[in-house]
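*Asks:* If it helps, the file is called protein_26.txt and holds compact mmCIF, C-alpha atoms:
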# COMPACT_ATOMS: atom_id res chain seq x y z
CA MET D 1 76.08 -15.72 -9.44
CA ALA D 2 79.38 -15.20 -11.19
CA ILE D 3 79.83 -12.71 -14.01
CA THR D 4 82.37 -13.50 -16.71
CA VAL D 5 83.54 -10.87 -19.15
CA ASN D 6 85.44 -11.90 -22.27
CA VAL D 7 87.49 -9.02 -23.63
CA TYR D 8 89.07 -9.42 -27.06
CA TYR D 9 91.98 -7.01 -27.43
CA THR D 10 93.06 -6.45 -31.03
CA GLY D 11 95.99 -4.39 -32.25
CA GLU D 12 98.72 -4.41 -34.87
CA ASN D 13 102.36 -5.49 -34.95
CA GLY D 14 102.03 -7.70 -31.85
CA ASN D 15 100.73 -4.85 -29.69
CA ALA D 16 98.06 -6.95 -27.96
CA ARG D 17 100.74 -9.38 -26.78
CA LYS D 18 102.98 -6.49 -25.70
CA PHE D 19 100.06 -5.12 -23.67
CA VAL D 20 99.73 -8.46 -21.88
CA GLU D 21 103.48 -8.56 -21.22
CA ASP D 22 103.28 -5.09 -19.62
CA MET D 23 100.24 -6.09 -17.57
CA VAL D 24 102.08 -9.14 -16.22
CA SER D 25 105.54 -7.62 -15.73
CA GLY D 26 104.07 -4.49 -14.15
CA GLY D 27 102.29 -6.57 -11.51
CA ILE D 28 98.82 -5.39 -12.52
CA VAL D 29 97.59 -8.92 -13.26
CA ASP D 30 98.62 -10.12 -9.79
CA LEU D 31 96.89 -7.13 -8.17
CA ILE D 32 93.66 -7.84 -10.04
CA ARG D 33 93.74 -11.53 -9.15
CA ALA D 34 94.16 -10.56 -5.48
CA GLU D 35 91.11 -8.26 -5.47
CA ASN D 36 88.06 -9.27 -3.44
CA GLY D 37 85.58 -11.01 -5.69
CA ASN D 38 87.94 -11.86 -8.55
CA GLN D 39 87.54 -15.48 -9.58
CA LYS D 40 89.61 -15.57 -12.76
CA TYR D 41 91.81 -13.23 -14.75
CA GLU D 42 93.52 -15.07 -17.57
CA TYR D 43 94.80 -14.20 -21.04
CA PHE D 44 94.60 -16.54 -24.03
CA PHE D 45 96.34 -16.16 -27.38
CA SER D 46 94.55 -16.90 -30.65
CA LYS D 47 96.20 -19.28 -33.09
CA LYS D 48 93.89 -18.07 -35.84
CA ASP D 49 94.48 -14.35 -35.23
CA PRO D 50 97.89 -13.52 -33.71
CA GLU D 51 96.86 -9.86 -33.36
CA THR D 52 94.06 -10.71 -30.90
CA VAL D 53 94.30 -11.67 -27.24
CA LEU D 54 91.34 -12.91 -25.19
CA LEU D 55 91.00 -11.91 -21.54
CA VAL D 56 88.64 -14.08 -19.47
CA ASP D 57 87.76 -12.01 -16.41
CA SER D 58 85.34 -13.49 -13.82
CA TRP D 59 83.89 -11.84 -10.74
CA GLU D 60 81.55 -13.01 -8.00
CA SER D 61 79.18 -10.02 -8.41
CA GLN D 62 78.54 -6.72 -10.16
CA GLU D 63 79.59 -4.97 -6.95
CA ALA D 64 83.03 -6.63 -7.20
CA ILE D 65 83.36 -5.45 -10.81
CA ASP D 66 82.33 -1.92 -9.81
CA ALA D 67 84.93 -1.90 -7.01
CA HIS D 68 87.58 -3.10 -9.49
CA HIS D 69 86.65 -0.34 -11.95
CA ALA D 70 87.04 2.23 -9.15
CA THR D 71 90.66 1.26 -8.40
CA PRO D 72 93.58 3.47 -9.44
CA MET D 73 95.02 0.61 -11.54
CA MET D 74 92.22 1.18 -14.09
CA GLU D 75 94.01 4.39 -15.12
CA GLU D 76 97.17 2.38 -15.81
CA ILE D 77 95.23 -0.24 -17.76
CA THR D 78 93.62 2.51 -19.85
CA ARG D 79 97.02 4.10 -20.43
CA LEU D 80 98.43 0.79 -21.67
CA ARG D 81 95.45 0.21 -23.96
CA GLU D 82 96.07 3.62 -25.50
CA LYS D 83 99.84 3.09 -25.67
CA TYR D 84 99.30 -0.02 -27.77
CA ASP D 85 96.30 1.39 -29.68
CA LEU D 86 94.12 -1.59 -28.80
CA HIS D 87 90.51 -2.01 -29.82
CA MET D 88 88.14 -4.10 -27.76
CA ARG D 89 85.17 -6.38 -28.27
CA VAL D 90 83.39 -7.43 -25.08
CA GLU D 91 81.05 -10.30 -24.23
CA ARG D 92 79.39 -10.69 -20.83
CA TYR D 93 78.03 -13.91 -19.32
CA ILE D 94 76.24 -14.76 -16.09
CA THR D 95 76.88 -18.22 -14.67
CA ASP D 96 74.05 -20.70 -14.84
CA GLU D 97 73.75 -21.70 -11.18
CA SER D 98 71.98 -24.94 -12.07
CA GLY D 99 75.26 -26.44 -13.27
CA ILE D 100 76.03 -28.63 -16.24
CA PRO D 101 73.10 -30.78 -17.41
CA GLN D 102 73.67 -34.52 -16.98
CA LYS D 103 73.38 -35.18 -20.73
CA ASP D 104 76.19 -32.64 -21.36
CA ALA D 105 78.34 -33.95 -18.51
CA ALA D 106 78.78 -37.23 -20.40
CA TYR D 107 81.07 -35.36 -22.82
CA ILE D 108 83.34 -33.91 -20.14
CA ARG D 109 86.47 -35.80 -19.21
CA GLU D 110 87.82 -34.82 -15.82
Could you quickly redo this structure as structure tokens?
*Replies:*
Amino acid sequence: MAITVNVYYTGENGNARKFVEDMVSGGIVDLIRAENGNQKYEYFFSKKDPETVLLVDSWESQEAIDAHHATPMMEEITRLREKYDLHMRVERYITDESGIPQKDAAYIRE
């Protein structure tokens, strides 16, 4: 069972993008991707809303998320969120272990 958390960071004056730049250049993104249980940690930029950045963050279990939240890097992430005055909207999904239904798979081009 994988857990995926979509975090929408919204700021002003390009601050959400600056946050991502600091996360990448500071090595935090690489550290998170290297954590046990992390399956995906990727940022996406909205064409419709340039002040919002989407983080897709997937973990193999709740225990892996809890361990991530207990790391010292969470303090740095919180500091950067405050530095850039970001607001967050969060969605949480649990992977359907049964896979993609055959009738939906017909629309997927691999």
*Asks:* Just give me the gap between CA of Glu60 in chain D and CA of Asn38 in chain D in Å, one decimal is fine.
*Replies:*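 These two atoms are separated by 6.5 Å.
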*Asks:* Mind dumping a table of every range 11-77 of chain D residue within 12 Å of range 95-104 of chain D, with the nearest atom pair and its distance in Å to one decimal, using all atoms listed in the file, sorted by chain and rising number, as a tab-separated table?
*Replies:*
residue	atom	partner	partner_atom	distance
D:Ser58	CA	D:Thr95	CA	9.7
D:Trp59	CA	D:Thr95	CA	10.3
D:Glu60	CA	D:Thr95	CA	9.7
D:Ser61	CA	D:Thr95	CA	10.6
*Asks:* Nearest to Ala34 in chain D among D:Tyr93, D:Lys83, D:Ala70, D:Ala64, with distances taken over only C-alpha atoms: which residue is it?
*Replies:*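 Of D:Tyr93, D:Lys83, D:Ala70, D:Ala64, the one nearest Ala34 in chain D, counting only C-alpha atoms, is D:Ala64.
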*Asks:* Please report the interatomic distance between CA of Glu42 in chain D and CA of Leu54 in chain D in Å with one decimal.
*Replies:*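 Value for the CA of Glu42 in chain D-CA of Leu54 in chain D distance: 8.2 Å.
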*Asks:* Padding 3 Å on every side, please: axis-aligned box over the listed atoms of range 63-67 of chain D, centre and edge lengths to one decimal in Å, as lines of an AutoDock Vina configuration file.
*Replies:*
center_x = 82.3
center_y = -4.3
center_z = -8.9
size_x = 11.3
size_y = 10.7
size_z = 9.9
*Asks:* Rank nothing, just name the residue among D:Glu63, D:Glu76, D:Glu82, D:Glu91 nearest to Ala16 in chain D, using all atoms listed in the file.
*Replies:* D:Glu82
*Asks:* How many Å separate CA of Asn13 in chain D from CA of Thr78 in chain D?
*Replies:*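 Going from CA of Asn13 in chain D over to CA of Thr78 in chain D, I get 19.2 Å.
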